[in-house]
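Asker: Sharing a structure here in structure tokens format.
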Amino acid sequence: MSLLRELIQPKQKVPVILICCLFIWAVASFWVLNTNDLRVFDKNFNLQNEFQNSEELIAALETEFTPLVDKNSIKTAIVIQKLGCRCNRYQEDHLQQLVSKFPEHSIQLQSFQNLTPKQAKLIPSVTAVVIINKKGWLEYFGPLNSGIECNSHSSFVESLLEVGIRSKEQALLNLQGQSCAC
């Protein structure tokens with residue numbers, strides 16, 4: 001106890017309190033910064049309200065995004081980003097890893113601003129991923145990852161690229177996943 005009294009003498013209370021306050025401020029700032037960009041993919045249920053069922057949504061996605069598919073690849077992952085989005089910085093390394101790990105697949109970056117109006121209407125938030133196989137069937141639609149950080153542990157894309165071509169009835173729609181979004 002006497003050691004504690006020596007450490008926190010009246011003249012030293014101000015620096016200790018200041019350090020504690022700075023630490024609390026830093027933790028709170030980090031939390032606010034990270035949770036500000038963390039959003040549900042289809043937060044306002046726009047797609048669920050627009051389409052009567054998942055089959056209609058899948059058909060619309062296949063119609064609009066199949067023209068972008070690389071016919072020489074087993075699967076094409078179309079990663080849709082918005083220019084100037086802060087979330088892009090979290091994804092750069094992971095996207096480079098995907099390209100090198102899956103050379104048999106096409107990993108394409110598309111700017112949201114370059115989408116057609118029909119394609120853009122199907123994307124509730126970005127960063128979004130549309131995976132379509134060489135048969136033109138949708139395999140996945142939703143956020144690139146789960147959570148604020150984007151890496152192989154939080155990504156949905158790697159596991160879907162690792163499996164063979166799925167049947168037409170196995171499309172995965174992840175409309176309520178939370179990720180860094182703009």
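Identifiers in this document derive from the order of the structure tokens: chains are assigned A, B, ..., residues are numbered from 1 separately in each chain, and ligands are numbered from 1 in order of occurrence.
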Among range 56-179 of chain A, which residues carry a DSSP assignment of helix (DSSP H, G or I), reported as JSON, numbers by chain?

Answerer: {"A": [56, 57, 58, 59, 60, 61, 62, 63, 64, 65, 66, 67, 68, 88, 89, 90, 91, 92, 93, 94, 95, 96, 97, 98, 99, 100, 101, 112, 113, 114, 117, 118, 119, 120, 121, 157, 158, 159, 160, 161, 162, 168, 169, 170]}

Asker: Counting only C-alpha atoms, what is within 8 Å of range 71-83 of chain A, bar same-chain residues fewer than 4 positions away, as a PyMOL selection string?

Answerer: chain A and resi 88+104-113+126-134+144+157+161+165+182

Asker: Hey, what's within 9 Å of range 172-179 of chain A if we count only C-alpha atoms and toss same-chain stuff fewer than 4 positions away? As a ChimeraX atom specification, please?

Answerer: /A:37-43,45,47-48,54,58,124,127,138-150

Asker: Can you tell me how far CA of Glu62 in chain A sits from CA of Gly136 in chain A, in Å to one decimal?

Answerer: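 CA of Gly136 in chain A lies at a distance of 6.7 Å from CA of Glu62 in chain A.
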
Asker: Looking at A:Ala120, A:Ala181, A:Trp137, A:His94, which one is nearest to Glu158 in chain A, with distances taken over only C-alpha atoms?

Answerer: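 With only C-alpha atoms as the atom set, the closest residue is A:His94.
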
Asker: As a list in words, please: all residues of range 14-141 of chain A that backbone DSSP puts in strand (DSSP E).

Answerer: Leu38, Arg39, Val40, Lys75, Thr76, Ala77, Ile78, Val79, Ile80, Gln81, Ser106, Ile107, Gln108, Leu109, Gln110, Ser111, Ala128, Val129, Val130, Ile131, Ile132, Asn133, Leu138, Glu139, Tyr140 and Phe141 of chain A

Asker: Within 9 Å of Glu64 in chain A, counting only C-alpha atoms, which residues qualify if same-chain residues fewer than 6 places away don't, as a tab-separated table (two decimals) with N, CA and C atoms, in the first residue's frame?

Answerer:
```
chain	number	residue	atom	x	y	z
A	116	THR	N	-24.14	-0.26	-64.55
A	116	THR	CA	-25.34	0.22	-65.23
A	116	THR	C	-26.38	0.58	-64.16
A	118	LYS	N	-29.35	-0.54	-63.80
A	118	LYS	CA	-30.01	-1.78	-63.34
A	118	LYS	C	-29.11	-2.55	-62.38
A	119	GLN	N	-27.81	-2.60	-62.68
A	119	GLN	CA	-26.88	-3.28	-61.78
A	119	GLN	C	-26.79	-2.53	-60.45
A	122	LEU	N	-29.37	-3.13	-57.81
A	122	LEU	CA	-29.30	-4.42	-57.12
A	122	LEU	C	-28.27	-4.45	-55.99
```
